[in-house]
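Asks: Following this line is upload.cif, made up of mmCIF, C-alpha atoms and all ligand atoms:
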data_input
#
loop_
_atom_site.label_atom_id
_atom_site.label_comp_id
_atom_site.auth_asym_id
_atom_site.auth_seq_id
_atom_site.Cartn_x
_atom_site.Cartn_y
_atom_site.Cartn_z
CA MET Q 10 62.09 -39.81 41.56
CA THR Q 11 64.74 -40.10 44.26
CA PRO Q 12 63.16 -41.68 47.37
CA ARG Q 13 63.87 -39.43 50.38
CA ALA Q 14 60.76 -39.28 52.55
CA ARG Q 15 62.80 -38.85 55.71
CA ALA Q 16 61.98 -36.47 58.51
CA VAL Q 17 64.48 -35.37 61.10
CA GLY Q 18 64.73 -31.85 62.47
CA ARG Q 19 62.56 -29.04 63.68
CA SER Q 20 61.27 -27.09 60.71
CA PHE Q 21 58.52 -27.45 58.11
CA ALA Q 22 61.25 -28.15 55.55
CA ASP Q 23 62.39 -31.14 57.61
CA VAL Q 24 58.99 -32.84 57.42
CA TYR Q 25 58.01 -31.59 53.96
CA ASP Q 26 59.08 -34.65 51.97
CA ALA Q 27 57.41 -37.02 54.38
CA LEU Q 28 54.14 -35.06 54.21
CA TYR Q 29 54.12 -34.73 50.44
CA ASP Q 30 55.51 -38.12 49.48
CA ASN Q 31 53.24 -38.61 46.47
CA PRO Q 32 55.16 -39.75 43.37
CA ILE Q 33 51.95 -40.26 41.35
CA PHE Q 34 50.94 -36.64 41.94
CA ILE Q 35 54.38 -35.40 40.87
CA ALA Q 36 54.46 -37.65 37.80
CA ARG Q 37 51.01 -36.53 36.59
CA ARG Q 38 51.70 -32.89 37.38
CA THR Q 39 54.86 -33.23 35.31
CA ASP Q 40 52.87 -34.69 32.39
CA PHE Q 41 50.65 -31.62 32.57
CA ILE Q 42 53.55 -29.16 32.86
CA LEU Q 43 55.38 -30.61 29.86
CA ALA Q 44 52.21 -30.55 27.75
CA ALA Q 45 51.49 -26.95 28.82
CA LEU Q 46 55.05 -25.84 28.05
CA GLY Q 47 54.80 -27.42 24.63
CA ALA Q 48 58.47 -28.47 24.72
CA SER Q 49 61.04 -29.66 27.23
CA ASP Q 50 63.90 -27.56 25.84
CA GLY Q 51 64.68 -24.11 27.18
CA LEU Q 52 65.47 -23.13 30.73
CA LEU Q 53 62.81 -23.47 33.44
CA LEU Q 54 62.52 -21.66 36.76
CA ASP Q 55 60.85 -23.40 39.71
CA ALA Q 56 59.96 -20.41 41.91
CA GLY Q 57 59.15 -21.55 45.45
CA CYS Q 58 60.68 -24.94 44.67
CA GLY Q 59 60.67 -26.21 48.27
CA THR Q 60 62.69 -29.41 48.58
CA GLY Q 61 62.88 -29.77 44.80
CA ARG Q 62 60.46 -32.66 44.24
CA GLN Q 63 59.27 -31.16 40.96
CA ILE Q 64 62.80 -30.32 39.81
CA ASP Q 65 63.84 -33.93 40.37
CA GLU Q 66 61.13 -35.26 38.06
CA LEU Q 67 61.63 -32.56 35.42
CA GLN Q 68 65.35 -33.27 35.28
CA ALA Q 69 64.64 -36.99 34.97
CA ARG Q 70 62.60 -36.09 31.89
CA GLY Q 71 65.40 -34.06 30.33
CA CYS Q 72 64.56 -30.50 31.41
CA GLU Q 73 67.05 -27.88 32.54
CA VAL Q 74 65.77 -26.22 35.70
CA ILE Q 75 66.86 -23.60 38.22
CA GLY Q 76 65.18 -23.65 41.63
CA LEU Q 77 64.56 -20.72 43.94
CA ASP Q 78 63.06 -20.62 47.42
CA LEU Q 79 62.85 -18.22 50.33
CA GLU Q 80 63.64 -20.91 52.90
CA ARG Q 81 67.28 -21.91 52.99
CA GLN Q 82 66.45 -25.15 54.82
CA MET Q 83 64.21 -26.26 51.93
CA LEU Q 84 67.20 -25.90 49.59
CA THR Q 85 69.53 -27.66 52.00
CA ILE Q 86 67.20 -30.65 51.98
CA ALA Q 87 66.90 -30.49 48.20
CA ARG Q 88 70.71 -30.64 47.89
CA ARG Q 89 70.95 -33.41 50.48
CA GLY Q 90 68.33 -35.33 48.48
CA GLY Q 91 70.56 -35.20 45.41
CA ILE Q 92 69.07 -32.32 43.40
CA ALA Q 93 71.87 -31.31 41.07
CA ALA Q 94 70.17 -28.18 39.63
CA PRO Q 95 71.32 -24.67 40.61
CA LEU Q 96 69.33 -23.65 43.69
CA ILE Q 97 69.04 -20.04 44.77
CA CYS Q 98 67.83 -18.71 48.08
CA GLY Q 99 65.65 -15.78 47.03
CA ASP Q 100 62.25 -14.16 46.96
CA LEU Q 101 59.88 -14.53 44.03
CA ARG Q 102 58.93 -10.86 44.49
CA ARG Q 103 62.50 -9.89 43.59
CA LEU Q 104 63.64 -12.44 41.04
CA PRO Q 105 67.14 -11.59 39.80
CA PHE Q 106 66.32 -12.51 36.19
CA ARG Q 107 65.24 -10.75 33.01
CA ALA Q 108 63.92 -12.65 29.98
CA ALA Q 109 65.92 -15.70 31.08
CA PHE Q 110 63.37 -18.53 31.10
CA THR Q 111 61.00 -20.17 28.64
CA GLY Q 112 58.92 -21.49 31.52
CA ALA Q 113 58.30 -20.56 35.14
CA LEU Q 114 56.60 -22.76 37.71
CA CYS Q 115 55.07 -21.58 40.94
CA LEU Q 116 53.60 -24.71 42.46
CA GLU Q 117 51.79 -25.70 45.63
CA SER Q 118 50.82 -22.25 46.85
CA PRO Q 119 53.93 -19.98 47.02
CA LEU Q 120 51.77 -17.10 45.71
CA ALA Q 121 49.12 -17.71 48.38
CA TYR Q 122 51.75 -17.02 51.06
CA LEU Q 123 51.68 -13.40 49.85
CA LEU Q 124 48.84 -12.00 51.94
CA ASP Q 125 49.17 -8.45 50.71
CA ASP Q 126 47.63 -7.86 47.27
CA ASP Q 127 50.29 -5.31 46.27
CA GLU Q 128 53.03 -7.81 47.11
CA PHE Q 129 51.15 -10.44 45.11
CA MET Q 130 51.15 -8.13 42.06
CA VAL Q 131 54.85 -7.40 42.57
CA ALA Q 132 55.52 -11.16 42.47
CA LEU Q 133 53.49 -11.67 39.28
CA ARG Q 134 55.36 -8.83 37.54
CA SER Q 135 58.65 -10.28 38.76
CA LEU Q 136 57.71 -13.67 37.27
CA ARG Q 137 56.72 -11.95 34.02
CA ARG Q 138 60.10 -10.17 33.79
CA ALA Q 139 61.94 -13.47 34.30
CA LEU Q 140 60.21 -14.98 31.24
CA VAL Q 141 60.93 -14.47 27.57
CA PRO Q 142 57.95 -13.22 25.50
CA GLN Q 143 55.65 -16.21 24.89
CA GLY Q 144 57.22 -17.98 27.88
CA ARG Q 145 54.74 -19.90 30.02
CA LEU Q 146 53.87 -19.60 33.67
CA ILE Q 147 52.25 -22.60 35.33
CA MET Q 148 51.02 -21.96 38.83
CA ASP Q 149 48.91 -23.89 41.27
CA THR Q 150 47.56 -23.24 44.71
CA TYR Q 151 46.06 -25.66 47.14
CA ASP Q 152 42.31 -25.15 47.31
CA TYR Q 153 42.00 -25.07 51.10
CA ALA Q 154 38.45 -23.77 51.07
CA GLY Q 155 37.33 -26.39 48.52
CA THR Q 156 39.06 -29.15 50.44
CA PHE Q 157 38.31 -28.34 54.07
CA TRP Q 158 35.37 -25.95 54.27
CA PRO Q 159 33.15 -26.51 56.19
CA GLU Q 160 33.21 -30.25 57.07
CA SER Q 161 36.83 -30.61 58.11
CA MET Q 162 37.43 -27.41 60.03
CA GLY Q 163 37.97 -29.15 63.38
CA ARG Q 164 41.19 -30.58 64.68
CA MET Q 165 42.61 -33.42 62.60
CA ARG Q 166 45.13 -36.01 63.58
CA ALA Q 167 47.20 -37.98 61.14
CA GLU Q 168 50.27 -40.13 61.03
CA ILE Q 169 52.21 -39.82 57.80
CA GLY Q 170 55.30 -42.00 57.65
CA PRO Q 171 57.41 -41.12 60.69
CA VAL Q 172 55.52 -37.87 61.41
CA ARG Q 173 52.54 -37.46 63.74
CA ILE Q 174 50.49 -34.34 63.05
CA VAL Q 175 47.74 -32.49 64.81
CA GLU Q 176 46.35 -29.92 62.39
CA SER Q 177 43.68 -27.25 62.74
CA HIS Q 178 42.29 -24.83 60.20
CA SER Q 179 40.53 -21.51 60.51
CA TYR Q 180 39.33 -18.94 58.02
CA ASP Q 181 38.85 -15.22 58.46
CA GLU Q 182 36.14 -14.11 56.04
CA GLN Q 183 37.12 -10.47 56.47
CA THR Q 184 40.76 -10.81 55.43
CA ARG Q 185 40.24 -14.05 53.47
CA VAL Q 186 43.27 -15.49 55.18
CA TRP Q 187 43.34 -19.23 55.77
CA THR Q 188 45.35 -20.25 58.80
CA MET Q 189 46.62 -23.77 59.18
CA ARG Q 190 48.35 -24.70 62.43
CA GLN Q 191 50.34 -27.89 62.49
CA ARG Q 192 51.91 -29.55 65.51
CA PHE Q 193 54.47 -32.17 64.59
CA ALA Q 194 56.00 -35.00 66.59
CA MET Q 195 58.47 -37.55 65.35
CA ASP Q 196 60.80 -40.07 66.86
CA ASP Q 197 64.46 -39.50 66.20
CA GLU Q 198 67.01 -41.88 67.68
CA GLY Q 199 65.01 -42.61 70.83
CA ARG Q 200 63.87 -38.99 71.37
CA THR Q 201 60.61 -37.40 70.34
CA ARG Q 202 61.06 -34.11 68.55
CA ARG Q 203 58.14 -31.69 68.62
CA PHE Q 204 57.56 -28.36 66.93
CA GLN Q 205 54.75 -26.21 65.52
CA VAL Q 206 54.25 -24.36 62.27
CA THR Q 207 51.56 -21.82 61.37
CA HIS Q 208 50.80 -21.15 57.73
CA ALA Q 209 48.80 -18.09 56.69
CA LEU Q 210 47.54 -18.16 53.11
CA LYS Q 211 45.39 -15.67 51.19
CA MET Q 212 42.46 -17.33 49.44
CA ARG Q 213 42.05 -15.83 45.96
CA THR Q 214 39.46 -17.01 43.49
CA PRO Q 215 40.35 -18.34 40.04
CA ASN Q 216 38.92 -15.13 38.56
CA GLU Q 217 41.12 -13.01 40.82
CA TYR Q 218 44.20 -14.97 39.72
CA ALA Q 219 43.18 -14.53 36.08
CA ALA Q 220 42.61 -10.76 36.45
CA ALA Q 221 45.90 -10.24 38.31
CA LEU Q 222 47.82 -12.22 35.70
CA GLU Q 223 46.26 -10.24 32.85
CA GLN Q 224 47.26 -7.00 34.61
CA SER Q 225 50.81 -8.26 35.01
CA GLY Q 226 51.56 -8.90 31.34
CA PHE Q 227 50.20 -12.42 30.93
CA GLU Q 228 47.47 -13.92 28.82
CA VAL Q 229 45.63 -16.72 30.63
CA ARG Q 230 45.44 -19.85 28.50
CA GLU Q 231 44.04 -22.50 30.86
CA MET Q 232 42.36 -22.53 34.23
CA LEU Q 233 41.56 -25.85 35.96
CA ASP Q 234 40.27 -26.97 39.35
CA GLY Q 235 42.88 -29.73 39.59
CA TYR Q 236 45.37 -31.63 37.46
CA PRO Q 237 43.95 -34.18 35.00
CA ASN Q 238 43.60 -37.69 36.47
CA LEU Q 239 44.27 -36.58 40.05
CA PRO Q 240 41.70 -36.25 42.85
CA GLU Q 241 43.37 -33.33 44.68
CA LYS Q 242 41.67 -29.95 44.34
CA ARG Q 243 43.92 -27.15 43.13
CA ILE Q 244 43.58 -23.85 41.31
CA VAL Q 245 45.81 -24.47 38.29
CA VAL Q 246 46.60 -21.70 35.81
CA VAL Q 247 48.63 -21.70 32.61
CA ALA Q 248 49.48 -18.20 31.36
CA VAL Q 249 51.61 -16.92 28.48
CA ALA Q 250 53.91 -13.89 28.77
CA ARG Q 251 52.76 -11.22 26.32
C1 LIG R 301 54.01 -25.61 50.03
S1 LIG R 301 55.66 -25.29 49.51
C2 LIG R 301 55.69 -25.85 47.81
C3 LIG R 301 57.05 -26.33 47.37
C4 LIG R 301 57.16 -26.89 45.96
N1 LIG R 301 56.81 -25.90 44.95
C5 LIG R 301 56.32 -28.14 45.79
O1 LIG R 301 55.50 -28.21 44.87
O2 LIG R 301 56.51 -29.08 46.58
C6 LIG R 301 55.63 -23.54 49.28
C7 LIG R 301 57.04 -23.01 49.10
O3 LIG R 301 56.98 -21.65 48.72
C8 LIG R 301 58.08 -21.00 49.33
N2 LIG R 301 57.81 -19.56 49.35
C9 LIG R 301 56.83 -18.91 50.01
N3 LIG R 301 56.91 -17.59 49.76
C10 LIG R 301 57.96 -17.41 48.92
C11 LIG R 301 58.55 -16.27 48.31
N4 LIG R 301 58.07 -15.04 48.54
N5 LIG R 301 59.62 -16.45 47.50
C12 LIG R 301 60.12 -17.69 47.28
N6 LIG R 301 59.60 -18.81 47.84
C13 LIG R 301 58.54 -18.67 48.64
C14 LIG R 301 58.15 -21.64 50.72
O4 LIG R 301 59.40 -21.44 51.34
C15 LIG R 301 57.88 -23.09 50.36
O5 LIG R 301 59.05 -23.80 50.11
#
Can you turn what I pasted into structure tokens?

Replies:
Amino acid sequence: MTPRARAVGRSFADVYDALYDNPIFIARRTDFILAALGASDGLLLDAGCGTGRQIDELQARGCEVIGLDLERQMLTIARRGGIAAPLICGDLRRLPFRAAFTGALCLESPLAYLLDDDEFMVALRSLRRALVPQGRLIMDTYDYAGTFWPESMGRMRAEIGPVRIVESHSYDEQTRVWTMRQRFAMDDEGRTRRFQVTHALKMRTPNEYAAALEQSGFEVREMLDGYPNLPEKRIVVVAVAR
């Protein structure tokens, strides 16, 4: 994988690669994806591709991938990092594709950013339309509740590469929205740059993901609480387009 854990700027995209600089995670997740797809031929969509870390590894293993993300800055960083795949700025609720892909990936929580359940269903149907029949969807979401609740709900400080972070988490049991506030500071040519990001993510259970996928034209094949041989907790689902 291309090394590019740099962080300069003022957006989440600018610090993303430094925060998630975990080549072992990407390599093992790729092993899982390729096994779940059953083949590396065919066109893949990485929906919510971020800075393209997964695309990079899939291309290195011979896959053809198109990336899509809502945040233009994520794609700018992907291109700057050398991702040669087509990258589209777009919304996974309105994918401009019909029966175009043998596999779709939605990794590291893009679906959890959809707080509204109707919008969530719209996104699943949009992913289904983008796939050929028998195409596979592999999705994962970070298990915030499993990871942080209740021991680590206070304020956390960390230094990851060039980035200093103060992070706090809260959970609203009524709305089931997890809020993560991150304050970043990093030194850039003698100046300290600071900015804040707030993430709001809807916590859905594995059963809720399974039911929503079944209602959206998928058959759920596998449901895991993390990728094999990795300690991180995730809700991981493999589903087949009916
Ligand atoms: C935590 S990042 C994960 C990025 C990448 N999949 C990875 O594994 O590193 C979540 C990404 O989902 C994108 N995203 C959130 N909502 C989206 C939507 N409705 N359509 C497309 N992308 C979305 C965000 O912009 C962000 O890049």

Asks: Identify, on the basis of only C-alpha atoms, every residue whose closest approach to Q:Ile244 does not exceed 12 Å; exclude the query and any residue fewer than 2 positions from it along the same chain; express the result as a ChimeraX atom specification.

Replies: /Q:115-118,120-121,147-156,212-219,231-236,241-242,246-247

Asks: Store the residues picked out above, limited to C-alpha atoms, as an mmCIF file, in the frame of the given file.

Replies:
data_model
loop_
_atom_site.group_PDB
_atom_site.id
_atom_site.type_symbol
_atom_site.label_atom_id
_atom_site.label_comp_id
_atom_site.auth_asym_id
_atom_site.auth_seq_id
_atom_site.Cartn_x
_atom_site.Cartn_y
_atom_site.Cartn_z
ATOM 1 C CA CYS Q 115 55.070 -21.580 40.940
ATOM 2 C CA LEU Q 116 53.600 -24.710 42.460
ATOM 3 C CA GLU Q 117 51.790 -25.700 45.630
ATOM 4 C CA SER Q 118 50.820 -22.250 46.850
ATOM 5 C CA LEU Q 120 51.770 -17.100 45.710
ATOM 6 C CA ALA Q 121 49.120 -17.710 48.380
ATOM 7 C CA ILE Q 147 52.250 -22.600 35.330
ATOM 8 C CA MET Q 148 51.020 -21.960 38.830
ATOM 9 C CA ASP Q 149 48.910 -23.890 41.270
ATOM 10 C CA THR Q 150 47.560 -23.240 44.710
ATOM 11 C CA TYR Q 151 46.060 -25.660 47.140
ATOM 12 C CA ASP Q 152 42.310 -25.150 47.310
ATOM 13 C CA TYR Q 153 42.000 -25.070 51.100
ATOM 14 C CA ALA Q 154 38.450 -23.770 51.070
ATOM 15 C CA GLY Q 155 37.330 -26.390 48.520
ATOM 16 C CA THR Q 156 39.060 -29.150 50.440
ATOM 17 C CA MET Q 212 42.460 -17.330 49.440
ATOM 18 C CA ARG Q 213 42.050 -15.830 45.960
ATOM 19 C CA THR Q 214 39.460 -17.010 43.490
ATOM 20 C CA PRO Q 215 40.350 -18.340 40.040
ATOM 21 C CA ASN Q 216 38.920 -15.130 38.560
ATOM 22 C CA GLU Q 217 41.120 -13.010 40.820
ATOM 23 C CA TYR Q 218 44.200 -14.970 39.720
ATOM 24 C CA ALA Q 219 43.180 -14.530 36.080
ATOM 25 C CA GLU Q 231 44.040 -22.500 30.860
ATOM 26 C CA MET Q 232 42.360 -22.530 34.230
ATOM 27 C CA LEU Q 233 41.560 -25.850 35.960
ATOM 28 C CA ASP Q 234 40.270 -26.970 39.350
ATOM 29 C CA GLY Q 235 42.880 -29.730 39.590
ATOM 30 C CA TYR Q 236 45.370 -31.630 37.460
ATOM 31 C CA GLU Q 241 43.370 -33.330 44.680
ATOM 32 C CA LYS Q 242 41.670 -29.950 44.340
ATOM 33 C CA VAL Q 246 46.600 -21.700 35.810
ATOM 34 C CA VAL Q 247 48.630 -21.700 32.610
#

Asks: If we count all atoms listed in the file and set the cut-off at 9 Å, which residues sit around stretch 103-106 of chain Q, ignoring sequence neighbours fewer than 3 positions away in its own chain? Please answer as a compact mmCIF listing (two decimals) with C-alpha atoms, in the coordinates of the input.

Replies:
# COMPACT_ATOMS: atom_id res chain seq x y z
CA ALA Q 56 59.96 -20.41 41.91
CA LEU Q 77 64.56 -20.72 43.94
CA GLY Q 99 65.65 -15.78 47.03
CA ASP Q 100 62.25 -14.16 46.96
CA ALA Q 109 65.92 -15.70 31.08
CA PHE Q 110 63.37 -18.53 31.10
CA VAL Q 131 54.85 -7.40 42.57
CA ALA Q 132 55.52 -11.16 42.47
CA SER Q 135 58.65 -10.28 38.76
CA LEU Q 136 57.71 -13.67 37.27
CA ARG Q 138 60.10 -10.17 33.79
CA ALA Q 139 61.94 -13.47 34.30
CA LEU Q 140 60.21 -14.98 31.24

Asks: Need the shell around stretch 46-51 of chain Q: protein/DNA/RNA residues with any atom at most 9 Å away, counting only C-alpha atoms. Skip same-chain ones fewer than 3 positions apart. Format as a compact mmCIF listing (two decimals) with C-alpha atoms, keeping the file's coordinate frame?

Replies:
# COMPACT_ATOMS: atom_id res chain seq x y z
CA PHE Q 41 50.65 -31.62 32.57
CA ILE Q 42 53.55 -29.16 32.86
CA LEU Q 43 55.38 -30.61 29.86
CA LEU Q 67 61.63 -32.56 35.42
CA ARG Q 70 62.60 -36.09 31.89
CA GLY Q 71 65.40 -34.06 30.33
CA CYS Q 72 64.56 -30.50 31.41
CA GLU Q 73 67.05 -27.88 32.54
CA VAL Q 74 65.77 -26.22 35.70
CA PHE Q 110 63.37 -18.53 31.10
CA THR Q 111 61.00 -20.17 28.64
CA GLY Q 112 58.92 -21.49 31.52
CA GLY Q 144 57.22 -17.98 27.88
CA ARG Q 145 54.74 -19.90 30.02
CA LEU Q 146 53.87 -19.60 33.67
CA ILE Q 147 52.25 -22.60 35.33
CA VAL Q 247 48.63 -21.70 32.61

Asks: Check the smallest atom-to-atom distance from each of Q:Met195, Q:Ala209, Q:Ala69, Q:Ile169 to ligand LIG 301 (chain R) using all atoms listed in the file, then report the winner.

Replies: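 Smallest separation from ligand LIG 301 (chain R) among the options: Q:Ala209.
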
Asks: Take the point (55.1, -34.5, 64.8) as written in the file and pick out every residue within 12 Å of it, counting only C-alpha atoms; give the list as a ChimeraX atom specification.

Replies: /Q:16-21,23-25,27-28,166-176,191-197,200-206

Asks: Which value, in Å to one decimal, gives the distance between atom O3 of ligand LIG 301 (chain R) and atom CA of Q:Gly90?

Replies: 17.8 Å

Asks: Given 4 Å of margin on each side, can you work out the centre and size in Å (one decimal) of an axis-aligned box holding every listed atom of stretch 179-183 of chain Q, as lines of an AutoDock Vina configuration file?

Replies:
center_x = 38.3
center_y = -16.0
center_z = 58.3
size_x = 12.4
size_y = 19.0
size_z = 12.5

Asks: If I take atom CA of Q:Arg38 and atom CA of Q:Leu114, how far is one from the other in Å, to one decimal?

Replies: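 Interatomic distance, atom CA of Q:Arg38 to atom CA of Q:Leu114: 11.3 Å.
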
Asks: Between atom CA of Q:Met83 and atom CA of Q:Gly61, what is the distance in Å, rounded to a tenth?

Replies: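 It comes out at 8.1 Å.
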
Asks: Hey, which of Q:Arg88, Q:Tyr122, Q:Arg107, Q:Asp40 ends up closest to ligand LIG 301 (chain R)? Count all atoms listed in the file.

Replies: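 Smallest separation from ligand LIG 301 (chain R) among the options: Q:Tyr122.
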
Asks: With all atoms listed in the file as the atoms that count, which of Q:Met165, Q:Ala108, Q:Ala45, Q:Leu123 lies nearest to ligand LIG 301 (chain R)?

Replies: Q:Leu123

Asks: Restricting the calculation to all atoms listed in the file: of Q:Val249, Q:Ala113, Q:Met189, Q:Val229, which residue gets closest to Q:Leu210?

Replies: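 Of the candidates, the smallest distance to Q:Leu210 is held by Q:Met189.
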